[in-house]
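J.: data25.cif is reproduced in full below (mmCIF, C-alpha atoms).
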data_model
loop_
_atom_site.label_atom_id
_atom_site.label_comp_id
_atom_site.auth_asym_id
_atom_site.auth_seq_id
_atom_site.Cartn_x
_atom_site.Cartn_y
_atom_site.Cartn_z
CA MET A 26 188.62 219.65 80.18
CA SER A 27 187.21 217.53 82.99
CA ASP A 28 189.15 214.43 84.04
CA PRO A 29 189.15 212.16 80.94
CA THR A 30 189.48 209.07 83.11
CA GLN A 31 185.88 209.68 84.17
CA PHE A 32 184.64 209.15 80.61
CA PRO A 33 183.57 205.54 80.03
CA GLY A 34 184.71 205.32 76.43
CA PHE A 35 188.05 203.57 75.93
CA GLU A 36 188.73 205.59 72.77
CA THR A 37 188.16 208.83 74.67
CA ARG A 38 190.61 207.88 77.40
CA SER A 39 193.15 206.78 74.78
CA VAL A 40 193.11 210.24 73.23
CA HIS A 41 192.76 212.48 76.28
CA ALA A 42 194.17 210.82 79.43
CA GLY A 43 197.31 212.67 80.50
CA GLN A 44 196.99 214.99 77.51
CA ARG A 45 195.77 218.30 78.92
CA PHE A 46 196.49 221.19 76.56
CA ASP A 47 199.52 223.36 77.27
CA PRO A 48 198.36 226.12 79.68
CA THR A 49 200.83 228.69 78.30
CA THR A 50 200.13 228.47 74.59
CA GLY A 51 196.93 226.43 74.38
CA ALA A 52 198.67 223.81 72.23
CA VAL A 53 196.38 220.78 72.19
CA ILE A 54 199.37 218.42 71.99
CA PRO A 55 201.47 218.75 75.16
CA PRO A 56 205.12 219.64 74.48
CA VAL A 57 207.93 217.11 74.76
CA HIS A 58 210.04 217.98 77.81
CA PHE A 59 213.68 217.22 77.03
CA SER A 60 215.22 218.97 80.04
CA THR A 61 217.34 216.75 82.26
CA THR A 62 217.02 218.99 85.30
CA TYR A 63 214.53 221.46 86.78
CA ALA A 64 215.01 224.81 88.55
CA GLN A 65 214.00 224.82 92.21
CA ASP A 66 212.28 227.58 94.15
CA GLY A 67 214.84 227.44 96.93
CA ILE A 68 216.50 224.25 98.14
CA GLY A 69 213.95 221.46 97.97
CA GLY A 70 211.30 223.73 96.45
CA LEU A 71 210.27 221.48 93.56
CA ARG A 72 207.80 222.58 90.93
CA GLU A 73 205.21 219.82 90.46
CA GLY A 74 207.68 217.40 92.08
CA TYR A 75 210.25 217.48 89.26
CA GLU A 76 213.97 217.71 90.05
CA TYR A 77 215.95 215.44 87.69
CA GLY A 78 215.12 213.59 84.48
CA ARG A 79 215.62 210.09 85.88
CA SER A 80 213.28 210.66 88.81
CA GLY A 81 210.56 212.29 86.77
CA ASN A 82 209.70 213.93 83.46
CA PRO A 83 206.38 215.57 82.50
CA THR A 84 206.20 213.71 79.18
CA ARG A 85 206.75 210.39 80.95
CA THR A 86 204.16 211.33 83.58
CA ALA A 87 201.64 212.00 80.82
CA LEU A 88 202.27 208.55 79.36
CA GLU A 89 201.99 206.87 82.76
CA THR A 90 198.66 208.61 83.37
CA GLN A 91 197.48 207.42 79.96
CA LEU A 92 198.60 203.83 80.60
CA ALA A 93 196.79 203.64 83.95
CA ALA A 94 193.60 205.01 82.41
CA LEU A 95 193.66 202.46 79.59
CA GLU A 96 194.03 199.46 81.90
CA GLY A 97 191.67 200.81 84.56
CA GLY A 98 194.47 200.89 87.14
CA ALA A 99 195.46 203.36 89.82
CA HIS A 100 199.13 203.56 88.81
CA GLY A 101 201.16 203.32 85.62
CA LEU A 102 204.94 203.16 85.27
CA SER A 103 206.91 203.49 82.04
CA TYR A 104 210.30 201.86 81.47
CA ALA A 105 212.99 201.74 78.80
CA SER A 106 211.82 198.29 77.57
CA GLY A 107 209.37 195.54 78.37
CA LEU A 108 212.11 193.53 80.05
CA ALA A 109 213.13 196.55 82.13
CA ALA A 110 209.54 196.76 83.37
CA GLU A 111 209.53 193.04 84.16
CA ASP A 112 212.88 193.29 85.95
CA ALA A 113 211.68 196.15 88.15
CA LEU A 114 208.54 194.25 89.11
CA LEU A 115 210.38 191.01 89.83
CA ARG A 116 212.99 192.70 92.01
CA ALA A 117 210.31 194.71 93.81
CA VAL A 118 208.49 191.52 94.79
CA LEU A 119 211.03 188.69 95.06
CA GLU A 120 213.68 187.74 97.58
CA PRO A 121 216.22 184.90 97.39
CA GLY A 122 214.37 181.62 97.85
CA ASP A 123 211.15 182.85 96.22
CA GLU A 124 209.73 181.15 93.15
CA VAL A 125 207.85 182.25 90.07
CA LEU A 126 205.23 179.94 88.60
CA LEU A 127 205.46 180.65 84.89
CA GLY A 128 203.27 179.71 81.97
CA ASN A 129 204.83 177.14 79.64
CA ASP A 130 204.29 179.35 76.59
CA VAL A 131 205.70 182.79 77.30
CA TYR A 132 208.14 185.12 75.64
CA GLY A 133 211.63 183.61 75.72
CA GLY A 134 213.13 186.79 77.16
CA THR A 135 210.89 186.57 80.23
CA TYR A 136 212.08 183.05 80.98
CA ARG A 137 215.69 184.08 80.33
CA LEU A 138 215.40 187.02 82.72
CA ILE A 139 214.05 184.88 85.55
CA ALA A 140 216.12 181.73 84.99
CA ARG A 141 219.47 183.16 83.89
CA VAL A 142 219.61 186.65 85.42
CA LEU A 143 217.65 186.31 88.65
CA GLY A 144 218.28 182.57 89.05
CA PRO A 145 221.90 183.00 90.26
CA TRP A 146 220.57 185.40 92.90
CA GLY A 147 218.38 182.65 94.37
CA VAL A 148 215.10 183.08 92.51
CA GLY A 149 213.47 179.86 91.32
CA VAL A 150 211.17 179.25 88.38
CA ARG A 151 208.68 176.47 87.72
CA VAL A 152 206.70 175.99 84.54
CA VAL A 153 203.08 174.88 84.20
CA ASP A 154 200.37 174.92 81.55
CA MET A 155 198.29 177.87 82.76
CA ARG A 156 195.28 176.73 80.73
CA ASP A 157 194.95 173.77 83.11
CA LEU A 158 193.72 175.34 86.35
CA ASP A 159 193.86 171.98 88.12
CA ALA A 160 197.56 171.74 87.26
CA VAL A 161 198.11 175.30 88.49
CA GLU A 162 196.31 174.54 91.75
CA ALA A 163 198.36 171.37 92.23
CA ALA A 164 201.60 173.24 91.58
CA LEU A 165 200.71 175.94 94.10
CA HIS A 166 199.68 173.31 96.64
CA ALA A 167 202.91 171.36 96.16
CA ARG A 168 205.12 174.39 96.80
CA PRO A 169 204.35 178.08 97.28
CA ALA A 170 205.06 180.60 94.54
CA ARG A 171 205.46 184.29 95.17
CA ILE A 172 204.32 185.20 91.65
CA VAL A 173 202.03 183.51 89.15
CA TRP A 174 202.93 184.87 85.70
CA VAL A 175 200.90 184.31 82.55
CA GLU A 176 200.57 185.59 79.00
CA THR A 177 197.15 185.38 77.43
CA PRO A 178 197.05 185.17 74.47
CA SER A 179 200.47 183.62 74.80
CA ASN A 180 203.55 183.98 72.65
CA PRO A 181 203.70 182.28 70.17
CA LEU A 182 201.09 179.51 70.50
CA LEU A 183 198.17 181.82 71.33
CA HIS A 184 197.09 179.83 74.37
CA ILE A 185 194.17 181.39 76.26
CA THR A 186 194.12 181.34 80.06
CA ASP A 187 191.16 182.03 82.33
CA ILE A 188 192.41 185.19 84.06
CA ALA A 189 189.65 185.30 86.67
CA GLY A 190 190.11 181.62 87.54
CA LEU A 191 193.88 182.00 87.73
CA ALA A 192 193.53 185.05 89.96
CA ARG A 193 191.33 183.13 92.39
CA LEU A 194 193.85 180.29 92.63
CA GLY A 195 196.84 182.60 92.92
CA HIS A 196 195.30 184.74 95.62
CA ALA A 197 194.15 181.72 97.61
CA ALA A 198 197.80 180.60 97.63
CA GLY A 199 199.10 184.04 98.59
CA ALA A 200 200.67 184.73 95.20
CA LEU A 201 200.80 187.90 93.14
CA VAL A 202 199.08 187.35 89.78
CA VAL A 203 200.81 189.06 86.85
CA VAL A 204 199.38 189.14 83.32
CA ASP A 205 201.44 190.09 80.29
CA ASN A 206 198.79 191.86 78.20
CA THR A 207 201.06 192.75 75.28
CA PHE A 208 199.26 190.64 72.66
CA ALA A 209 195.72 191.67 73.59
CA THR A 210 196.36 195.27 74.71
CA PRO A 211 193.86 197.08 76.94
CA ALA A 212 191.79 197.76 73.83
CA LEU A 213 190.81 194.08 73.79
CA GLN A 214 191.35 192.83 77.36
CA GLN A 215 191.71 194.37 80.82
CA PRO A 216 193.20 191.86 83.27
CA LEU A 217 192.92 194.07 86.38
CA ALA A 218 189.14 194.03 86.01
CA LEU A 219 189.31 190.22 85.94
CA GLY A 220 191.26 190.00 89.20
CA ALA A 221 194.93 190.25 88.18
CA ASP A 222 197.26 192.27 90.40
CA VAL A 223 199.68 193.65 87.82
CA VAL A 224 199.60 194.12 84.06
CA VAL A 225 202.88 194.09 82.11
CA HIS A 226 203.40 195.46 78.61
CA SER A 227 206.07 195.66 76.02
CA THR A 228 204.91 199.05 74.75
CA THR A 229 207.28 198.47 71.83
CA LYS A 230 204.53 196.37 70.32
CA TYR A 231 200.90 197.45 69.85
CA LEU A 232 200.84 200.40 72.22
CA GLY A 233 203.58 202.22 70.33
CA GLY A 234 202.28 200.52 67.24
CA HIS A 235 204.67 201.85 64.59
CA SER A 236 207.90 199.87 65.13
CA ASP A 237 209.78 203.06 65.99
CA VAL A 238 210.08 203.08 69.78
CA VAL A 239 211.17 200.59 72.48
CA GLY A 240 209.47 200.67 75.88
CA GLY A 241 207.71 198.79 78.64
CA ALA A 242 205.09 199.42 81.29
CA LEU A 243 203.52 198.23 84.51
CA VAL A 244 199.95 199.04 85.58
CA LEU A 245 198.69 198.15 89.04
CA ASN A 246 196.44 199.20 91.91
CA ASP A 247 198.48 198.33 95.01
CA ASP A 248 199.97 201.53 96.46
CA ALA A 249 202.85 199.86 98.33
CA LEU A 250 203.93 197.77 95.33
CA PHE A 251 203.71 200.84 93.12
CA GLU A 252 206.10 202.70 95.43
CA GLN A 253 208.54 199.77 95.36
CA ALA A 254 208.48 199.52 91.56
CA LYS A 255 208.72 203.30 91.20
CA PHE A 256 211.75 203.34 93.52
CA LEU A 257 213.47 200.78 91.31
CA GLN A 258 212.54 202.80 88.23
CA PHE A 259 214.43 205.72 89.82
CA ALA A 260 217.23 203.83 91.57
CA ALA A 261 218.12 201.47 88.72
CA GLY A 262 217.38 204.07 86.07
CA ALA A 263 215.71 202.07 83.30
CA VAL A 264 213.36 204.92 82.42
CA SER A 265 211.79 205.77 79.10
CA GLY A 266 213.25 208.91 77.56
CA PRO A 267 210.97 211.86 76.74
CA MET A 268 210.87 211.22 73.00
CA ASP A 269 210.19 207.52 73.56
CA ALA A 270 207.36 208.42 75.94
CA TRP A 271 205.89 210.90 73.47
CA LEU A 272 206.03 208.43 70.57
CA THR A 273 204.28 205.82 72.70
CA THR A 274 201.60 208.30 73.71
CA ARG A 275 201.08 209.25 70.07
CA GLY A 276 200.69 205.59 69.14
CA ILE A 277 198.19 204.91 71.92
CA LYS A 278 195.81 207.54 70.60
CA THR A 279 194.98 205.31 67.61
CA LEU A 280 195.20 202.00 69.49
CA ALA A 281 191.49 201.18 69.38
CA LEU A 282 191.28 201.76 65.63
CA ARG A 283 194.45 199.83 64.91
CA MET A 284 193.46 196.85 67.03
CA GLN A 285 190.13 196.64 65.25
CA ARG A 286 191.92 196.46 61.88
CA HIS A 287 194.64 194.10 63.14
CA SER A 288 191.94 191.75 64.43
CA GLU A 289 189.87 191.88 61.26
CA ASN A 290 192.89 191.19 59.06
CA ALA A 291 194.21 188.44 61.33
CA GLN A 292 190.85 186.69 61.32
CA ALA A 293 190.84 186.64 57.52
CA VAL A 294 194.46 185.47 57.36
CA ALA A 295 193.82 182.73 59.92
CA GLU A 296 190.79 181.47 58.00
CA PHE A 297 192.79 181.45 54.76
CA LEU A 298 195.66 179.50 56.33
CA ASP A 299 193.26 177.12 58.04
CA ARG A 300 191.91 176.11 54.63
CA HIS A 301 195.28 175.82 52.92
CA PRO A 302 196.50 172.25 52.23
CA LYS A 303 200.14 173.10 52.99
CA ILE A 304 199.34 174.35 56.49
CA ALA A 305 199.14 171.61 59.12
CA ARG A 306 197.67 173.67 61.95
CA VAL A 307 196.67 177.25 62.70
CA HIS A 308 196.79 178.85 66.15
CA TYR A 309 194.37 181.77 66.39
CA PRO A 310 191.70 182.19 69.10
CA GLY A 311 189.26 183.67 66.60
CA LEU A 312 188.87 180.28 64.91
CA ALA A 313 185.95 178.26 66.23
CA GLY A 314 188.18 175.19 66.44
CA HIS A 315 190.73 176.86 68.71
CA PRO A 316 190.53 175.24 72.18
CA GLY A 317 190.42 178.67 73.84
CA HIS A 318 187.92 180.24 71.45
CA ALA A 319 184.95 180.42 73.84
CA LEU A 320 187.05 181.73 76.72
CA ALA A 321 188.73 184.31 74.50
CA ALA A 322 185.33 185.48 73.28
CA GLN A 323 184.30 185.89 76.91
CA GLN A 324 187.30 187.86 78.23
CA MET A 325 188.44 189.67 75.07
CA ARG A 326 186.65 192.18 72.83
CA SER A 327 188.16 190.61 69.71
CA PHE A 328 190.98 188.20 69.00
CA GLY A 329 194.02 190.30 68.15
CA GLY A 330 196.52 190.52 65.34
CA ILE A 331 198.84 187.53 65.88
CA VAL A 332 198.43 184.28 63.96
CA SER A 333 200.77 181.30 64.31
CA ALA A 334 200.82 178.40 61.88
CA GLU A 335 202.54 175.03 61.69
CA LEU A 336 203.74 173.56 58.41
CA GLU A 337 204.57 169.93 57.70
CA ASP A 338 208.20 170.22 58.81
CA ALA A 339 210.87 172.70 59.88
CA ALA A 340 212.34 173.02 56.38
CA SER A 341 208.97 174.06 54.96
CA ALA A 342 208.44 176.54 57.78
CA ARG A 343 211.83 178.14 57.15
CA ARG A 344 211.21 178.39 53.38
CA PHE A 345 207.78 179.90 53.97
CA ALA A 346 209.17 182.45 56.45
CA GLU A 347 211.82 183.50 53.95
CA SER A 348 209.52 183.68 50.91
CA THR A 349 206.94 186.35 51.76
CA ARG A 350 207.25 189.93 50.50
CA LEU A 351 204.69 192.06 52.33
CA PHE A 352 205.26 190.01 55.48
CA GLN A 353 208.82 191.10 56.25
CA LEU A 354 211.07 188.62 58.05
CA ALA A 355 211.82 190.33 61.35
CA GLU A 356 211.52 190.02 65.09
CA SER A 357 208.99 191.94 67.18
CA LEU A 358 205.31 192.46 66.40
CA GLY A 359 202.42 194.86 66.76
CA GLY A 360 203.39 197.49 64.19
CA VAL A 361 201.20 198.71 61.38
CA GLU A 362 203.26 196.65 58.94
CA SER A 363 203.00 192.86 58.70
CA LEU A 364 205.93 190.79 59.96
CA MET A 365 206.92 187.13 59.61
CA ASN A 366 208.88 185.42 62.37
CA TYR A 367 210.47 181.97 62.81
CA PRO A 368 210.35 181.71 66.63
CA ASP A 369 212.63 178.69 67.10
CA GLU A 370 215.67 180.62 65.86
CA MET A 371 214.51 184.18 66.40
CA THR A 372 212.37 185.38 69.33
CA HIS A 373 212.41 182.08 71.25
CA ALA A 374 215.94 180.85 70.61
CA SER A 375 216.74 181.39 74.31
CA VAL A 376 214.28 178.63 75.34
CA ARG A 377 215.43 175.93 72.92
CA GLY A 378 215.87 172.69 74.82
CA THR A 379 213.68 173.82 77.73
CA GLU A 380 210.05 173.17 78.66
CA LEU A 381 209.19 176.38 76.77
CA ALA A 382 210.69 175.33 73.44
CA VAL A 383 208.45 176.07 70.47
CA PRO A 384 207.81 173.73 67.53
CA GLU A 385 210.44 173.95 64.79
CA GLU A 386 207.70 173.83 62.16
CA LEU A 387 206.01 176.97 63.56
CA VAL A 388 205.90 180.46 62.06
CA ARG A 389 204.38 183.51 63.74
CA LEU A 390 202.66 186.25 61.76
CA SER A 391 202.11 189.75 63.07
CA VAL A 392 199.27 190.81 60.80
CA GLY A 393 199.38 194.51 60.00
CA ILE A 394 196.79 196.98 58.78
CA GLU A 395 197.48 196.72 55.05
CA SER A 396 194.89 195.57 52.52
CA VAL A 397 193.95 192.09 53.63
CA ASP A 398 193.61 190.97 50.01
CA ASP A 399 197.25 191.93 49.42
CA LEU A 400 198.34 190.07 52.54
CA ILE A 401 196.55 186.89 51.54
CA THR A 402 197.94 187.12 48.01
CA ASP A 403 201.45 187.39 49.47
CA LEU A 404 200.93 184.31 51.67
CA ASP A 405 199.30 182.34 48.87
CA ARG A 406 202.23 183.05 46.54
CA ALA A 407 204.77 182.02 49.18
CA LEU A 408 202.93 178.80 49.97
CA ALA A 409 202.64 177.94 46.28
CA GLY A 410 206.42 177.94 46.07
CA LEU A 411 206.91 175.29 48.73
#
Please, can you express the file's structure as structure tokens?
T.:
Amino acid sequence: MSDPTQFPGFETRSVHAGQRFDPTTGAVIPPVHFSTTYAQDGIGGLREGYEYGRSGNPTRTALETQLAALEGGAHGLSYASGLAAEDALLRAVLEPGDEVLLGNDVYGGTYRLIARVLGPWGVGVRVVDMRDLDAVEAALHARPARIVWVETPSNPLLHITDIAGLARLGHAAGALVVVDNTFATPALQQPLALGADVVVHSTTKYLGGHSDVVGGALVLNDDALFEQAKFLQFAAGAVSGPMDAWLTTRGIKTLALRMQRHSENAQAVAEFLDRHPKIARVHYPGLAGHPGHALAAQQMRSFGGIVSAELEDAASARRFAESTRLFQLAESLGGVESLMNYPDEMTHASVRGTELAVPEELVRLSVGIESVDDLITDLDRALAGL
């Protein structure tokens, strides 16, 4: 097969990038390489560069090739979790005294990593509404930031940020622009093409797609930064194991199809909730009334599978979250099954009392690929009981 990265179709690259058939047997699915060490042809005579499982593994290499092809980047790196990927990037870039300019609506674990783990080592963090480019420009003018970090769509309020505009401001201020693309996935949005420097993923979510593997990834073009992040992958050791890499690769092959169904179902769920009298507000960029709708339509292929909704008060939100049946009450997102989450006490408990605190009356729905009629029936029944 010719190089699959040369094919323009995203679906083609999802299936074939890094997935050359086994040359010995002709197996169309490459084998999973579990070996922790590799025989050498004399001292230092490495076969294909492999010597030890932490420094490299063919199954992990295949995934990293696949990840780079999906995001249109030169380099992909796979880690044991999304936070491990973030940690490697942050330590590759930052020194004591540096600051990160962070969006005010990001995953609580990202804020915790920067503020509570790297903070004692001299790394600072400032928070700004990334949707307001004037506020971002003012913050960068007031004090330099080494990294500008944004999620779009954000977690859990589904804020939409102008990636190209943010990249222009960040680069003018000498900052590295990092986009967490977990919610959109490369099937719907490709931040590197819009000017971002690095894309971050929790591959646990949509890329793996089946709630059965934990992982994280970086995709980037800069050769020097890639070498720094790859060194930390090796030196700190937070690598994805071979079975984790294989499961993620398997999930990616159906990513385009799954994201289409997630988006279709989420649109229908959002429209249902938006009409319901017991729902005070719906956050979903596919709704025409969402403040980021036009921008999302411009920089995304569709609007994704996450819907957040606010009820009248925290007590109602908690009862609603605990009353659904198909929507299982659980953390995480992006699997084929639908999940219900109460962010204030679950995924975002670490940012309670900070600038990133989420509304207590908010629930977050990860809309799966089940029958949308069944999903709406489940939500309607739960709301009727409030």
J.: Might you pull out every residue within 8 Å of A:Glu36, with only C-alpha atoms counted and same-chain residues fewer than 2 positions away left off, and present them as a list of chain:residue names?
T.: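 The residues that qualify are A:Gly34, A:Arg38, A:Ser39, A:Val40, A:Lys278, A:Ala281.
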J.: For the PyMOL selection byres ((chain A and resi 383) around 6), applied here, can you spell out every residue it catches as a list in words?
T.: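 Listing what the PyMOL selection byres ((chain A and resi 383) around 6) selects in the shown file: Asp369, Ala382 and Pro384 of chain A.
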J.: Translate the PyMOL selection byres ((chain A and resi 215-227) around 7), as applied to the file shown, into an explicit residue set as number ranges by chain.
T.: A: 96, 106-107, 188-189, 192, 201-207, 211, 214, 228-230, 240-245
J.: Please provide as a ChimeraX atom specification all residues within 12 Å of A:Asp47, with the sequence filter that same-chain residues fewer than 5 positions apart are discarded (counting only C-alpha atoms).
T.: /A:26,52-58,83-84
J.: What would the list of residues within 12 Å of (195.0, 201.8, 95.5) (file frame) look like as an NGL selection string, if all atoms listed in the file are what count?
T.: :A and (93 or 97-101 or 222 or 244-252)
J.: On this file, the PyMOL selection byres ((chain A and resi 363) around 6) gives some set of residues; write that set as a list in words.
T.: Phe352, Glu362, Leu364, Ser391, Val392 and Gly393 of chain A
J.: Keeping only C-alpha atoms, take the residues you just selected and write them out as a PDB file, in the frame of the given file.
T.:
ATOM      1  CA  PHE A 352     205.260 190.010  55.480  1.00  0.00           C
ATOM      2  CA  GLU A 362     203.260 196.650  58.940  1.00  0.00           C
ATOM      3  CA  LEU A 364     205.930 190.790  59.960  1.00  0.00           C
ATOM      4  CA  SER A 391     202.110 189.750  63.070  1.00  0.00           C
ATOM      5  CA  VAL A 392     199.270 190.810  60.800  1.00  0.00           C
ATOM      6  CA  GLY A 393     199.380 194.510  60.000  1.00  0.00           C
TER       7      GLY A 393
END
J.: Report the distance between atom CA of A:Asp187 and atom CA of A:Pro310 in Å, rounded to one decimal place.
T.: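 About the pair atom CA of A:Asp187 and atom CA of A:Pro310: they are 13.2 Å apart.
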J.: Nearest to A:Ala374 among A:Gly359, A:Gly134, A:Pro178, A:Gly314, with distances taken over all atoms listed in the file: which residue is it?
T.: A:Gly134
J.: Considering only C-alpha atoms, return as number ranges by chain whatever protein or nucleic-acid residues lie within 10 Å of A:Leu115, sequence-local ones (same chain, fewer than 4 positions apart) excluded.
T.: A: 109-111, 119-120, 125, 138-139, 143, 148, 171-172, 254
J.: Measure the distance from atom CA of A:Asp237 to atom CA of A:Ala42 in Å and round it to one decimal.
T.: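 Distance reported for this atom pair: 22.0 Å.
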J.: Using only C-alpha atoms for the distances, tell me which of A:Arg326, A:Arg79, A:Arg72, A:His235 is nearest to A:Gln285.
T.: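 The answer is A:Arg326, which sits nearest to A:Gln285.
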J.: So the first atom is atom CA of A:Asp112 and the second is atom CA of A:Ile277; what is the distance between them in Å, to one decimal place?
T.: 23.4 Å
J.: In file coordinates, which residues lie within 9 Å of (205.8, 186.9, 61.1) using only C-alpha atoms, given as a list in words?
T.: Ile331, Val332, Ser333, Ala346, Phe352, Gln353, Leu354, Ala355, Glu356, Ser357, Leu358, Ser363, Leu364, Met365, Asn366, Tyr367, Pro368, Val388, Arg389, Leu390, Ser391 and Val392 of chain A
J.: Quick one: everything within 7 Å of stretch 271-276 of chain A, counting all atoms listed in the file, minus sequence neighbours fewer than 4 positions away in the same chain. Send it as a ChimeraX atom specification.
T.: /A:57,84,88,232-234,238,267,280
J.: Can you spit out the residues from that selection as a PDB file, in the frame of the given file, using C-alpha atoms?
T.:
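Everything below was put into result28.pdb:
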ATOM      1  CA  VAL A  57     207.930 217.110  74.760  1.00  0.00           C
ATOM      2  CA  THR A  84     206.200 213.710  79.180  1.00  0.00           C
ATOM      3  CA  LEU A  88     202.270 208.550  79.360  1.00  0.00           C
ATOM      4  CA  LEU A 232     200.840 200.400  72.220  1.00  0.00           C
ATOM      5  CA  GLY A 233     203.580 202.220  70.330  1.00  0.00           C
ATOM      6  CA  GLY A 234     202.280 200.520  67.240  1.00  0.00           C
ATOM      7  CA  VAL A 238     210.080 203.080  69.780  1.00  0.00           C
ATOM      8  CA  PRO A 267     210.970 211.860  76.740  1.00  0.00           C
ATOM      9  CA  LEU A 280     195.200 202.000  69.490  1.00  0.00           C
TER      10      LEU A 280
END
J.: Please determine, counting all atoms listed in the file, which residue among A:Leu298, A:Ile304, A:Val264, A:Leu351 has the shortest atom-to-atom distance to A:Ala105.
T.: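 Nearest to A:Ala105: A:Val264.
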J.: Tell me which of A:Thr186, A:Arg350, A:Glu386, A:Val307 sits closest to A:Gln324, counting all atoms listed in the file.
T.: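 Once distances to A:Gln324 are computed over all atoms listed in the file, the minimum belongs to A:Thr186.
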J.: Considering only C-alpha atoms, state which residue in the set A:Leu404, A:Met268, A:Met155, A:Leu257 is at the smallest distance from A:Val118.
T.: A:Leu257
J.: Give the answer as one residue: which of A:Gly147, A:Leu71, A:Leu387, A:Ala263 has the shortest atom-to-atom distance to A:Leu102, using all atoms listed in the file?
T.: A:Ala263
